[in-house]
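To start, the structure itself, in structure tokens.
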Amino acid sequence: MLDIASKSTNIDEAASKIIPYGTIPLYDYLNGIGNICQIFNIYVITGIFTLTVSQGFYAKPNILNTEMLSTGRIVGEDVRETIDPAPEEMKKIYTLMVLVRAADIQAITLQRQGRIGFYVPCQGEEASQVGSAYALKPEDWAFTDYRAPGIVITRGMSLKSFYAHLMANSEDNTKGRSMPSHWGSKALNIVTPSSPICTQLPHAVGVALGAKMKGDKIATIAYFGDGGTSSNDFHSALNFAGVFKTPTVFFCRNNGYAISIPVSRQTASSSLAVKAVAYGIEGIQVDGNDALAVYSVTKKALEKARNGGGPTLIESITYRMGPHTTSDDPKRYRDDGELEEWKTKDPLNRLRSSLEGRKLWGKEDENNAQEWAQQQVKEAIAHSEKIPPPHPRTLLEDVYSQPTWNLQRQLHQLSEELGGS
Amino acid sequence: MPSLTLVQAINTALREEMQRDEHVLVLGEDIGKNGGVFRATEGLYNEFGGNRVIDTPLNESSIVGVSIGLSLYGFKPIAEIQFLDFIYPAFDQIASELSKLRYRSGGEYKAPIVIRSPYGGGAKGGPYHSQSLETFFTHIPGLKVIIPSNPYDAKGLLKAAVREDDPIVFLEPKRLYRSTKSEVPDEDYIVPIGKARVAREGKDVSVFAYGAVIPTVLEASEKAQQEGISTEIVDLRTLVPLDLEAVLASVKKTGRAVIVYEAPKFMGYGAEIAALIAEEALEYLEAPIARVGGFDTPYPYAHENLYMPTPTRILNAIKKVAKY
Ligand SMILES: Cc1ncc(C[n+]2csc(CCOP(=O)(O)OP(=O)(O)O)c2C)c(N)n1
Ligand SMILES: Cc1ncc(C[n+]2csc(CCOP(=O)(O)OP(=O)(O)O)c2C)c(N)n1
Ligand SMILES: [Mg+2]
Ligand SMILES: [Mg+2]
């Protein structure tokens with residue numbers, strides 16, 4: 001540890017010396033110079049107080065400066081050997097991304113054709129979602145929001161369940177209670193989300209605190225967007241997690257926008273990751289279109305959490321290539337040029353060219369993967385469209401452990417109205 | 001049988017439930033070494049330690065939100081909100097998360113936590129340490145709402161709440177915390193959720209009330225008795241689920257109903273009682289239903305004794321209904 005006096009500086013100055021995960025020579029991070037925590041101990045002097053605010057690794061470049069992402073280069077290529085998953089697993093990650101893209105595109109089509117009511121697309125975020133979720137263990141808990149196709153499919157949700165929920169049919173394990181795009185599954189340790197922004201974060205902290213108290217070596221991960229970092233519960237949760245050092249990973253999908261609002265309207269901070277500093281936790285910025293970089297960073301954060309090292313905030317810089325939801329028209333607030341630029345950084349192309357470069361993937365593999373994904377999607381949709389809606393009775397169930405008298409009466413009324421079914 | 005104040009009864013219930021089940025935790029502001037600003041958690045920190053009696057940051061949203069998470073992981077958190085007036089920062093967690101988790105997950109997840117909080121006036125708390133906000137919670141499907149009015153019920157209802165499989169908002173009338181003592185059995189007992197109590201039998205007028213106003217209602221009832229009017233007092237105890245049978249039984253017996261509560265009168269919980277009586281027992285009524293509530297103002301400081309339903313105001317309502 002360096003002594004306080006020699007490292008006294010202010011946050012911005014300290015931040016300016018730090019390079020984002022995407023461009024830092026990763027071997028420095030991993031071995032070379034040693035533990036990054038010692039390199040970037042940051043202390044802030046404000047008035048009369050000297051506070052240790054971070055032992056962290058976070059990135060300076062302005063969140064709007066996405067130059068680091070513009071090259072299409074595979075970030076951290078040099079050190080893949082040390083932190084990458086095995087080749088078979090890399091291929092799995094890519095294949096999952098292909099599947100998620102296919103499922104996503106088809107869901108939008110279904111909505112456009114009036115076959116589902118609503119959808120929240122994730123195109124462009126596949127590396128962030130699949131890469132991070134792939135780093136989870138089954139016993140870890142995931143708390144998502146609505147933009148989570150890549151997360152739930154990677155955790156093992158079948159496409160039948162995926163579309164059953166979108167169609168709100170009787171095979172939807174959540175019984176058609178929520179708007180489409182609120183997938184949850186107890187079997188997969190994905191806590192069924194609500195719609196309000198970031199309210200799931202304190203839950204992820206609570207489960208993590210519970211696991212810590214029981215001595216269980218698991219971690220929780222909470223997903224949210226860039227807009228979410230302005231919400232009440234972002235603060236509530238990071239603050240609590242910092243104080244109790246809970247095994248929680250806060251995964252911010254910085255896709256540039258909260259509906260139409262750019263990140264520059266959410267914060268004057270130099271990044272979103274830097275917000276971790278004030279809570280006494282580690283903040284990391286990662287190229288969110290690089291699936292392997294996302295995987296590595298998330299895996300390390302999860303391992304740190306499971307081993308008692310406390311929480312981490314990951315800012316995964318990516319881009320929402322589609323609309324906010326099927327009810328949104330991004331042309332009202334974004335330039336076409338922006339989308340075109342981000343298309344050159346498409347996360348699927350990035351990982352594919354990396355696999356090709358490693359001679360792990362060829363044309364035939366690609367054809368097979370695409371065909372397989374289309375087939376999966378087709379079969380799941382064909383199946384789900386045959387499934388009837390949930391029984392009307394389910395409208396009145398699961399409010400309490402046992403129905404109260406008024407719910408019993410209302411159930412009775414409803415069945416009379418429906419002709420005694 | 002020991003004689004306890006209401007807050008001691010709460011303390012006893014917490015201690016006994018924590019002894020019974022190691023998954024029971026309490027968390028909130030100043031509840032650890034300090035024992036809570038009203039001393040409801042007195043002694044628990046010493047007995048159970050900081051892992052089960054958890055002082056939190058000053059942030060109600062995370063008190064409730066983290067409790068939900070702890071519950072998901074198999075614990076039974078009892079969250080204390082220092083004053084009900086400060087529950088607003090947690091409102092989203094209660095209204096959007098706690099109450100709807102079971103429903104929205106298709107019954108796969110649930111978070112049956114207990115949220116305890118002192119409420120009501122009589123402690124010179126002004127607009128932000130006095131409010132009766134029960135109606136915000138009774139209007140949210142998925143929550144159960146309990147308000148005891150005496151030490152015996154407080155212990156029995158809180159123990160029942162901790163064992164319930166649904167999320168509970170448990171409101172404690174702070175002006176009754178130490179106002180009287182009464183006999184509270186040492187042994188383990190529960191008072192069932194969803195059952196009202198006839199606090200006094202009578203034949204002319206039914207008075208429906210709960211929590212902090214019960215002693216005032218009893219006082220008004222004494223005065224009515226002196227004027228020859230016999231009142232039946234029904235202490236609702238559980239607002240959700242309401243003991244509708246008890247309400248209807250009493251009103252069918254007396255044919256007259258007065259409803260007393262301390263929250264602003266307009267849209268208060270009494271409005272639902274009045275509506276239910278009108279829907280289900282109109283033909284038994286001999287007189288219009290009367291409601292006595294707080295005034296439709298923010299809670300005042302200097303004149304709080306005039307704001308809270310006074311014995312005179314309640315008595316006048318009873319007389320008006322009796323003589324109609
Ligand atoms: C508390 C709250 N306010 C507003 C909304 C409406 N809303 C839904 S998504 C959204 C934008 C969220 O943006 P971000 O956090 O960046 O996530 P993204 O949608 O980009 O994935 C808004 C304003 C909401 N769901 N909850
Ligand atoms: C939202 C909210 N929760 C709880 C309280 C009750 N309360 C009043 S003062 C206080 C402690 C405040 O401590 P601090 O911010 O350090 O200020 P200090 O009193 O030390 O000046 C608490 C918990 C409150 N007033 N508001
Ligand atoms: Mg966003
Ligand atoms: Mg202070």
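Numbering starts fresh at 1 for the residues of each chain in the structure tokens, the chains themselves are lettered A, B, ... in the order given, and ligands are numbered from 1 as they appear.
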* To do: Using only C-alpha atoms, select each residue of chain B with any atom at most 8 Å away from an atom of chain A, and give the selection as a PyMOL selection string.
  => chain B and resi 51+56-57+59+61-62+65-75+92-93+96-97+100-109+141-143+165-166+241
Find the residues near ligand 3. Use a cut-off of 10 Å, count only C-alpha atoms and all ligand atoms, and write them as a compact mmCIF listing (two decimals) with N, CA, C and O atoms, in the first residue's frame.
# COMPACT_ATOMS: atom_id res chain seq x y z
N ARG A 147 -34.71 -5.44 -20.17
CA ARG A 147 -33.87 -5.66 -21.35
C ARG A 147 -32.90 -6.79 -21.03
O ARG A 147 -31.74 -6.56 -20.72
N PHE A 224 -28.84 -3.30 -14.89
CA PHE A 224 -29.63 -2.08 -15.05
C PHE A 224 -28.98 -1.24 -16.14
O PHE A 224 -27.89 -1.55 -16.61
N GLY A 225 -29.65 -0.14 -16.50
CA GLY A 225 -29.15 0.69 -17.59
C GLY A 225 -28.43 1.93 -17.10
O GLY A 225 -28.32 2.19 -15.90
N ASP A 226 -27.94 2.70 -18.07
CA ASP A 226 -27.25 3.96 -17.74
C ASP A 226 -28.21 4.93 -17.06
O ASP A 226 -27.86 5.61 -16.09
N GLY A 227 -29.46 4.98 -17.54
CA GLY A 227 -30.43 5.87 -16.90
C GLY A 227 -30.64 5.49 -15.44
O GLY A 227 -30.88 6.34 -14.58
N GLY A 228 -30.54 4.20 -15.18
CA GLY A 228 -30.74 3.71 -13.82
C GLY A 228 -29.77 4.30 -12.80
O GLY A 228 -30.08 4.36 -11.60
N THR A 229 -28.61 4.76 -13.27
CA THR A 229 -27.64 5.29 -12.30
C THR A 229 -28.12 6.61 -11.69
O THR A 229 -27.51 7.08 -10.74
N CYS A 252 -23.91 -2.39 -15.03
CA CYS A 252 -24.61 -1.31 -15.72
C CYS A 252 -24.43 -1.47 -17.23
O CYS A 252 -23.31 -1.39 -17.74
N ARG A 253 -25.54 -1.68 -17.92
CA ARG A 253 -25.50 -1.75 -19.38
C ARG A 253 -25.59 -0.32 -19.91
O ARG A 253 -26.67 0.21 -20.09
N ASN A 254 -24.45 0.31 -20.11
CA ASN A 254 -24.48 1.68 -20.63
C ASN A 254 -24.64 1.63 -22.14
O ASN A 254 -23.67 1.50 -22.88
N ASN A 255 -25.89 1.73 -22.57
CA ASN A 255 -26.16 1.65 -24.01
C ASN A 255 -26.39 3.03 -24.60
O ASN A 255 -26.96 3.18 -25.67
N GLY A 256 -25.97 4.05 -23.86
CA GLY A 256 -25.97 5.41 -24.42
C GLY A 256 -27.24 6.20 -24.18
O GLY A 256 -27.20 7.43 -24.15
N TYR A 257 -28.35 5.52 -23.98
CA TYR A 257 -29.62 6.24 -23.88
C TYR A 257 -30.54 5.62 -22.83
O TYR A 257 -30.54 4.42 -22.61
N ALA A 258 -31.33 6.49 -22.22
CA ALA A 258 -32.48 6.06 -21.43
C ALA A 258 -33.69 6.57 -22.23
O ALA A 258 -34.01 7.76 -22.19
N ILE A 259 -34.31 5.69 -22.95
CA ILE A 259 -35.25 6.05 -24.01
C ILE A 259 -34.55 7.09 -24.91
O ILE A 259 -33.62 6.73 -25.61
N SER A 260 -34.94 8.37 -24.80
CA SER A 260 -34.32 9.36 -25.69
C SER A 260 -33.22 10.16 -25.01
O SER A 260 -32.54 10.97 -25.65
N ILE A 261 -33.05 9.96 -23.71
CA ILE A 261 -32.15 10.82 -22.94
C ILE A 261 -30.72 10.28 -23.00
O ILE A 261 -30.47 9.17 -22.56
N PRO A 262 -29.79 11.07 -23.52
CA PRO A 262 -28.41 10.60 -23.56
C PRO A 262 -27.77 10.62 -22.18
O PRO A 262 -28.24 11.31 -21.28
N VAL A 263 -26.69 9.88 -22.04
CA VAL A 263 -26.05 9.75 -20.73
C VAL A 263 -25.61 11.11 -20.19
O VAL A 263 -25.62 11.33 -18.97
N ILE A 317 -19.84 -0.61 -21.70
CA ILE A 317 -20.19 0.40 -22.70
C ILE A 317 -20.60 -0.26 -24.01
O ILE A 317 -19.82 -0.98 -24.64
N THR A 318 -21.85 -0.04 -24.36
CA THR A 318 -22.40 -0.72 -25.52
C THR A 318 -23.37 0.23 -26.21
O THR A 318 -23.34 1.44 -25.97
N TYR A 319 -24.21 -0.31 -27.05
CA TYR A 319 -25.14 0.53 -27.79
C TYR A 319 -26.40 -0.26 -28.09
O TYR A 319 -26.33 -1.42 -28.47
N ARG A 320 -27.52 0.40 -27.88
CA ARG A 320 -28.81 -0.21 -28.22
C ARG A 320 -29.06 0.06 -29.69
O ARG A 320 -29.29 1.19 -30.08
N HIS A 324 -35.94 1.61 -28.16
CA HIS A 324 -36.03 1.34 -26.72
C HIS A 324 -36.96 0.17 -26.46
O HIS A 324 -36.63 -0.77 -25.74
- Could you give me, as an MDAnalysis selection string, the residues within 9 Å of segment 301-307 of chain B, counting only C-alpha atoms and dropping anything in the same chain fewer than 6 positions from it? chainID B and resid 121:127 262 293:295
I need the residues in segment 101-293 of chain A that are strand (DSSP E or B) according to DSSP; give them as a list in words.
Trp141, Ala142, Phe143, Ser185, Ile190, Val191, Thr220, Ile221, Ala222, Tyr223, Phe224, Gly225, Thr248, Val249, Phe250, Phe251, Cys252, Arg253, Asn254, Tyr257, Ala258, Ile261, Pro262, Glu282, Gly283, Ile284, Gln285, Val286 and Asp287 of chain A
Those residues with N, CA, C and O atoms, as an mmCIF file, in the first residue's frame please?
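Contents of again31.cif, freshly written:
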data_model
loop_
_atom_site.group_PDB
_atom_site.id
_atom_site.type_symbol
_atom_site.label_atom_id
_atom_site.label_comp_id
_atom_site.auth_asym_id
_atom_site.auth_seq_id
_atom_site.Cartn_x
_atom_site.Cartn_y
_atom_site.Cartn_z
ATOM 1 N N TRP A 141 -27.302 -15.600 -8.076
ATOM 2 C CA TRP A 141 -28.647 -15.055 -8.323
ATOM 3 C C TRP A 141 -28.550 -13.879 -9.284
ATOM 4 O O TRP A 141 -27.717 -12.987 -9.096
ATOM 5 N N ALA A 142 -29.449 -13.854 -10.266
ATOM 6 C CA ALA A 142 -29.483 -12.740 -11.208
ATOM 7 C C ALA A 142 -30.738 -11.908 -10.996
ATOM 8 O O ALA A 142 -31.830 -12.446 -10.822
ATOM 9 N N PHE A 143 -30.543 -10.609 -10.974
ATOM 10 C CA PHE A 143 -31.648 -9.648 -10.891
ATOM 11 C C PHE A 143 -31.572 -8.786 -12.147
ATOM 12 O O PHE A 143 -30.602 -8.054 -12.329
ATOM 13 N N SER A 185 -37.424 -16.728 -13.314
ATOM 14 C CA SER A 185 -37.497 -18.171 -13.171
ATOM 15 C C SER A 185 -36.798 -18.582 -11.898
ATOM 16 O O SER A 185 -35.606 -18.362 -11.731
ATOM 17 N N ILE A 190 -33.356 -16.482 -11.432
ATOM 18 C CA ILE A 190 -33.565 -15.153 -12.017
ATOM 19 C C ILE A 190 -34.812 -14.602 -11.343
ATOM 20 O O ILE A 190 -35.922 -15.116 -11.556
ATOM 21 N N VAL A 191 -34.645 -13.602 -10.504
ATOM 22 C CA VAL A 191 -35.802 -13.102 -9.759
ATOM 23 C C VAL A 191 -36.675 -12.263 -10.699
ATOM 24 O O VAL A 191 -36.192 -11.346 -11.359
ATOM 25 N N THR A 220 -24.362 -12.323 -6.183
ATOM 26 C CA THR A 220 -25.545 -11.866 -6.904
ATOM 27 C C THR A 220 -25.105 -10.845 -7.945
ATOM 28 O O THR A 220 -24.093 -10.162 -7.769
ATOM 29 N N ILE A 221 -25.870 -10.773 -9.018
ATOM 30 C CA ILE A 221 -25.581 -9.765 -10.040
ATOM 31 C C ILE A 221 -26.869 -8.998 -10.312
ATOM 32 O O ILE A 221 -27.942 -9.586 -10.409
ATOM 33 N N ALA A 222 -26.761 -7.693 -10.362
ATOM 34 C CA ALA A 222 -27.926 -6.853 -10.654
ATOM 35 C C ALA A 222 -27.657 -6.088 -11.943
ATOM 36 O O ALA A 222 -26.656 -5.385 -12.055
ATOM 37 N N TYR A 223 -28.553 -6.242 -12.888
ATOM 38 C CA TYR A 223 -28.431 -5.565 -14.187
ATOM 39 C C TYR A 223 -29.317 -4.334 -14.227
ATOM 40 O O TYR A 223 -30.434 -4.340 -13.697
ATOM 41 N N PHE A 224 -28.842 -3.300 -14.888
ATOM 42 C CA PHE A 224 -29.630 -2.076 -15.051
ATOM 43 C C PHE A 224 -28.977 -1.235 -16.139
ATOM 44 O O PHE A 224 -27.885 -1.554 -16.610
ATOM 45 N N GLY A 225 -29.651 -0.137 -16.502
ATOM 46 C CA GLY A 225 -29.149 0.689 -17.591
ATOM 47 C C GLY A 225 -28.429 1.934 -17.104
ATOM 48 O O GLY A 225 -28.322 2.189 -15.902
ATOM 49 N N THR A 248 -21.962 -8.599 -4.242
ATOM 50 C CA THR A 248 -22.892 -8.151 -5.283
ATOM 51 C C THR A 248 -22.117 -7.542 -6.444
ATOM 52 O O THR A 248 -21.217 -6.738 -6.228
ATOM 53 N N VAL A 249 -22.492 -7.911 -7.650
ATOM 54 C CA VAL A 249 -21.936 -7.254 -8.826
ATOM 55 C C VAL A 249 -23.036 -6.402 -9.443
ATOM 56 O O VAL A 249 -24.121 -6.904 -9.758
ATOM 57 N N PHE A 250 -22.774 -5.115 -9.564
ATOM 58 C CA PHE A 250 -23.726 -4.206 -10.192
ATOM 59 C C PHE A 250 -23.306 -4.054 -11.643
ATOM 60 O O PHE A 250 -22.219 -3.532 -11.917
ATOM 61 N N PHE A 251 -24.133 -4.526 -12.533
ATOM 62 C CA PHE A 251 -23.750 -4.537 -13.942
ATOM 63 C C PHE A 251 -24.573 -3.501 -14.694
ATOM 64 O O PHE A 251 -25.765 -3.694 -14.956
ATOM 65 N N CYS A 252 -23.913 -2.389 -15.032
ATOM 66 C CA CYS A 252 -24.608 -1.308 -15.723
ATOM 67 C C CYS A 252 -24.431 -1.469 -17.231
ATOM 68 O O CYS A 252 -23.310 -1.393 -17.742
ATOM 69 N N ARG A 253 -25.544 -1.682 -17.919
ATOM 70 C CA ARG A 253 -25.499 -1.747 -19.381
ATOM 71 C C ARG A 253 -25.591 -0.317 -19.908
ATOM 72 O O ARG A 253 -26.672 0.210 -20.092
ATOM 73 N N ASN A 254 -24.449 0.307 -20.107
ATOM 74 C CA ASN A 254 -24.478 1.683 -20.627
ATOM 75 C C ASN A 254 -24.636 1.625 -22.138
ATOM 76 O O ASN A 254 -23.667 1.504 -22.883
ATOM 77 N N TYR A 257 -28.349 5.524 -23.984
ATOM 78 C CA TYR A 257 -29.621 6.236 -23.876
ATOM 79 C C TYR A 257 -30.535 5.621 -22.829
ATOM 80 O O TYR A 257 -30.539 4.415 -22.614
ATOM 81 N N ALA A 258 -31.327 6.486 -22.222
ATOM 82 C CA ALA A 258 -32.481 6.061 -21.434
ATOM 83 C C ALA A 258 -33.688 6.572 -22.230
ATOM 84 O O ALA A 258 -34.009 7.756 -22.187
ATOM 85 N N ILE A 261 -33.049 9.960 -23.707
ATOM 86 C CA ILE A 261 -32.154 10.822 -22.938
ATOM 87 C C ILE A 261 -30.723 10.284 -22.996
ATOM 88 O O ILE A 261 -30.469 9.167 -22.563
ATOM 89 N N PRO A 262 -29.787 11.074 -23.515
ATOM 90 C CA PRO A 262 -28.405 10.598 -23.564
ATOM 91 C C PRO A 262 -27.765 10.615 -22.178
ATOM 92 O O PRO A 262 -28.237 11.309 -21.279
ATOM 93 N N GLU A 282 -15.322 -0.898 -5.812
ATOM 94 C CA GLU A 282 -14.545 -0.859 -7.040
ATOM 95 C C GLU A 282 -15.443 -0.590 -8.238
ATOM 96 O O GLU A 282 -16.538 -1.149 -8.331
ATOM 97 N N GLY A 283 -14.961 0.253 -9.137
ATOM 98 C CA GLY A 283 -15.702 0.503 -10.366
ATOM 99 C C GLY A 283 -14.842 0.164 -11.573
ATOM 100 O O GLY A 283 -13.657 0.490 -11.609
ATOM 101 N N ILE A 284 -15.410 -0.492 -12.541
ATOM 102 C CA ILE A 284 -14.652 -0.904 -13.720
ATOM 103 C C ILE A 284 -15.437 -0.526 -14.972
ATOM 104 O O ILE A 284 -16.658 -0.680 -15.005
ATOM 105 N N GLN A 285 -14.723 -0.040 -15.965
ATOM 106 C CA GLN A 285 -15.351 0.235 -17.254
ATOM 107 C C GLN A 285 -14.860 -0.819 -18.242
ATOM 108 O O GLN A 285 -13.673 -1.103 -18.294
ATOM 109 N N VAL A 286 -15.779 -1.356 -18.989
ATOM 110 C CA VAL A 286 -15.364 -2.382 -19.934
ATOM 111 C C VAL A 286 -16.021 -2.133 -21.293
ATOM 112 O O VAL A 286 -17.115 -1.581 -21.368
ATOM 113 N N ASP A 287 -15.316 -2.537 -22.335
ATOM 114 C CA ASP A 287 -15.873 -2.476 -23.681
ATOM 115 C C ASP A 287 -17.002 -3.505 -23.763
ATOM 116 O O ASP A 287 -16.769 -4.703 -23.861
#
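Using only C-alpha atoms and all ligand atoms, the shortest contact distance between ligand 2 and any of B:Leu58, B:Ile94, B:Leu244, B:Ala13 is found at B:Leu58.
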- Query: For ligand 2, which of B:Ile214, B:Ile31, B:Ile115, B:Leu248 is the closest residue, counting only C-alpha atoms and all ligand atoms?
  - Reply: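 So, comparing all the options, the nearest one is B:Ile31.
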Q) Excluding same-chain residues fewer than 4 positions from Val162 of chain B, what lies within 8 Å of it counting only C-alpha atoms, as JSON, numbers by chain? A) {"B": [17, 76, 78, 113, 114, 158]}
Next item on the list: Can you pull out every residue within 7 Å of segment 82-99 of chain A, counting only C-alpha atoms, but drop anything in the same chain fewer than 5 positions away, and send it as a PyMOL selection string?
Entry: chain A and resi 126+130-131+154+292+296+348+351+369-370+373
Taking all heavy atoms for each residue, export the selection above as an mmCIF file, in the first residue's frame.
data_model
loop_
_atom_site.group_PDB
_atom_site.id
_atom_site.type_symbol
_atom_site.label_atom_id
_atom_site.label_comp_id
_atom_site.auth_asym_id
_atom_site.auth_seq_id
_atom_site.Cartn_x
_atom_site.Cartn_y
_atom_site.Cartn_z
ATOM 1 N N GLU A 126 -25.673 -7.891 -27.082
ATOM 2 C CA GLU A 126 -25.483 -9.333 -26.865
ATOM 3 C C GLU A 126 -24.184 -9.637 -26.122
ATOM 4 O O GLU A 126 -24.147 -10.533 -25.268
ATOM 5 C CB GLU A 126 -25.510 -10.089 -28.195
ATOM 6 C CG GLU A 126 -26.878 -10.112 -28.880
ATOM 7 C CD GLU A 126 -27.085 -8.935 -29.824
ATOM 8 O OE1 GLU A 126 -26.307 -7.962 -29.764
ATOM 9 O OE2 GLU A 126 -28.031 -8.990 -30.629
ATOM 10 N N VAL A 130 -24.764 -11.636 -22.801
ATOM 11 C CA VAL A 130 -24.343 -13.040 -22.820
ATOM 12 C C VAL A 130 -22.987 -13.195 -22.118
ATOM 13 O O VAL A 130 -22.794 -14.085 -21.292
ATOM 14 C CB VAL A 130 -24.276 -13.576 -24.271
ATOM 15 C CG1 VAL A 130 -23.739 -15.002 -24.292
ATOM 16 C CG2 VAL A 130 -25.648 -13.505 -24.926
ATOM 17 N N GLY A 131 -22.063 -12.284 -22.415
ATOM 18 C CA GLY A 131 -20.720 -12.381 -21.817
ATOM 19 C C GLY A 131 -20.770 -12.363 -20.299
ATOM 20 O O GLY A 131 -20.092 -13.149 -19.629
ATOM 21 N N THR A 154 -28.977 -17.093 -21.749
ATOM 22 C CA THR A 154 -27.676 -17.626 -21.330
ATOM 23 C C THR A 154 -27.785 -18.400 -20.015
ATOM 24 O O THR A 154 -27.125 -19.416 -19.823
ATOM 25 C CB THR A 154 -26.657 -16.480 -21.179
ATOM 26 O OG1 THR A 154 -26.560 -15.802 -22.430
ATOM 27 C CG2 THR A 154 -25.288 -16.999 -20.771
ATOM 28 N N LEU A 292 -15.688 -11.277 -24.742
ATOM 29 C CA LEU A 292 -14.689 -11.937 -23.907
ATOM 30 C C LEU A 292 -14.176 -10.993 -22.812
ATOM 31 O O LEU A 292 -13.903 -11.416 -21.692
ATOM 32 C CB LEU A 292 -13.543 -12.462 -24.771
ATOM 33 C CG LEU A 292 -13.997 -13.486 -25.824
ATOM 34 C CD1 LEU A 292 -12.808 -13.983 -26.649
ATOM 35 C CD2 LEU A 292 -14.727 -14.667 -25.188
ATOM 36 N N SER A 296 -14.589 -11.720 -18.892
ATOM 37 C CA SER A 296 -13.437 -11.716 -17.979
ATOM 38 C C SER A 296 -13.677 -10.810 -16.786
ATOM 39 O O SER A 296 -13.442 -11.188 -15.632
ATOM 40 C CB SER A 296 -12.188 -11.209 -18.703
ATOM 41 O OG SER A 296 -11.986 -11.943 -19.864
ATOM 42 N N LEU A 348 -21.470 -9.313 -32.418
ATOM 43 C CA LEU A 348 -21.372 -10.658 -33.011
ATOM 44 C C LEU A 348 -20.207 -10.728 -33.986
ATOM 45 O O LEU A 348 -19.431 -11.687 -33.971
ATOM 46 C CB LEU A 348 -22.689 -11.043 -33.707
ATOM 47 C CG LEU A 348 -23.726 -11.716 -32.805
ATOM 48 C CD1 LEU A 348 -24.337 -10.735 -31.824
ATOM 49 C CD2 LEU A 348 -24.793 -12.434 -33.600
ATOM 50 N N LEU A 351 -16.812 -10.893 -32.039
ATOM 51 C CA LEU A 351 -16.412 -12.182 -31.484
ATOM 52 C C LEU A 351 -16.141 -13.197 -32.596
ATOM 53 O O LEU A 351 -15.200 -13.997 -32.512
ATOM 54 C CB LEU A 351 -17.478 -12.709 -30.513
ATOM 55 C CG LEU A 351 -17.146 -14.020 -29.804
ATOM 56 C CD1 LEU A 351 -15.777 -13.968 -29.128
ATOM 57 C CD2 LEU A 351 -18.215 -14.375 -28.779
ATOM 58 N N ALA A 369 -24.418 -22.678 -37.105
ATOM 59 C CA ALA A 369 -24.927 -21.936 -35.950
ATOM 60 C C ALA A 369 -26.174 -21.134 -36.333
ATOM 61 O O ALA A 369 -27.175 -21.133 -35.610
ATOM 62 C CB ALA A 369 -23.849 -21.009 -35.396
ATOM 63 N N GLN A 370 -26.104 -20.463 -37.472
ATOM 64 C CA GLN A 370 -27.242 -19.651 -37.902
ATOM 65 C C GLN A 370 -28.468 -20.534 -38.155
ATOM 66 O O GLN A 370 -29.580 -20.210 -37.726
ATOM 67 C CB GLN A 370 -26.894 -18.870 -39.186
ATOM 68 C CG GLN A 370 -25.791 -17.830 -39.022
ATOM 69 C CD GLN A 370 -26.218 -16.616 -38.188
ATOM 70 O OE1 GLN A 370 -27.385 -16.467 -37.838
ATOM 71 N NE2 GLN A 370 -25.262 -15.751 -37.862
ATOM 72 N N ALA A 373 -29.904 -21.828 -34.887
ATOM 73 C CA ALA A 373 -30.618 -20.787 -34.148
ATOM 74 C C ALA A 373 -31.992 -20.542 -34.766
ATOM 75 O O ALA A 373 -33.013 -20.477 -34.063
ATOM 76 C CB ALA A 373 -29.796 -19.498 -34.122
#
Identify, counting only C-alpha atoms and all ligand atoms, the protein, DNA and RNA residues located within 7 Å of ligand 2, and give them as an NGL selection string. :B and (29 or 58-60 or 82-83 or 86 or 89)
Could the residues in this selection be written to a file with N, CA, C and O atoms, as a CSV table (one decimal), in the first residue's frame?
chain,number,residue,atom,x,y,z
B,29,GLU,N,-33.0,1.8,11.6
B,29,GLU,CA,-32.2,2.9,12.1
B,29,GLU,C,-32.2,3.0,13.6
B,29,GLU,O,-33.2,3.0,14.2
B,58,LEU,N,-29.0,5.4,6.8
B,58,LEU,CA,-30.2,6.2,6.9
B,58,LEU,C,-30.9,6.2,5.5
B,58,LEU,O,-30.8,7.2,4.8
B,59,ASN,N,-31.6,5.1,5.2
B,59,ASN,CA,-32.1,5.0,3.8
B,59,ASN,C,-33.3,4.0,3.9
B,59,ASN,O,-33.0,2.8,3.9
B,60,GLU,N,-34.5,4.4,4.0
B,60,GLU,CA,-35.6,3.5,4.2
B,60,GLU,C,-35.8,2.6,3.0
B,60,GLU,O,-36.3,1.5,3.1
B,82,GLN,N,-38.4,4.2,11.4
B,82,GLN,CA,-38.4,4.9,12.7
B,82,GLN,C,-39.6,5.6,13.0
B,82,GLN,O,-40.1,5.6,14.2
B,83,PHE,N,-40.2,6.3,12.1
B,83,PHE,CA,-41.5,6.9,12.2
B,83,PHE,C,-42.2,6.6,10.8
B,83,PHE,O,-41.6,6.7,9.8
B,86,PHE,N,-41.6,8.6,7.7
B,86,PHE,CA,-40.4,8.4,6.9
B,86,PHE,C,-40.4,7.2,6.1
B,86,PHE,O,-39.4,6.7,5.6
B,89,PRO,N,-39.8,7.3,1.4
B,89,PRO,CA,-38.6,6.9,0.6
B,89,PRO,C,-38.7,5.4,0.3
B,89,PRO,O,-38.1,4.9,-0.7
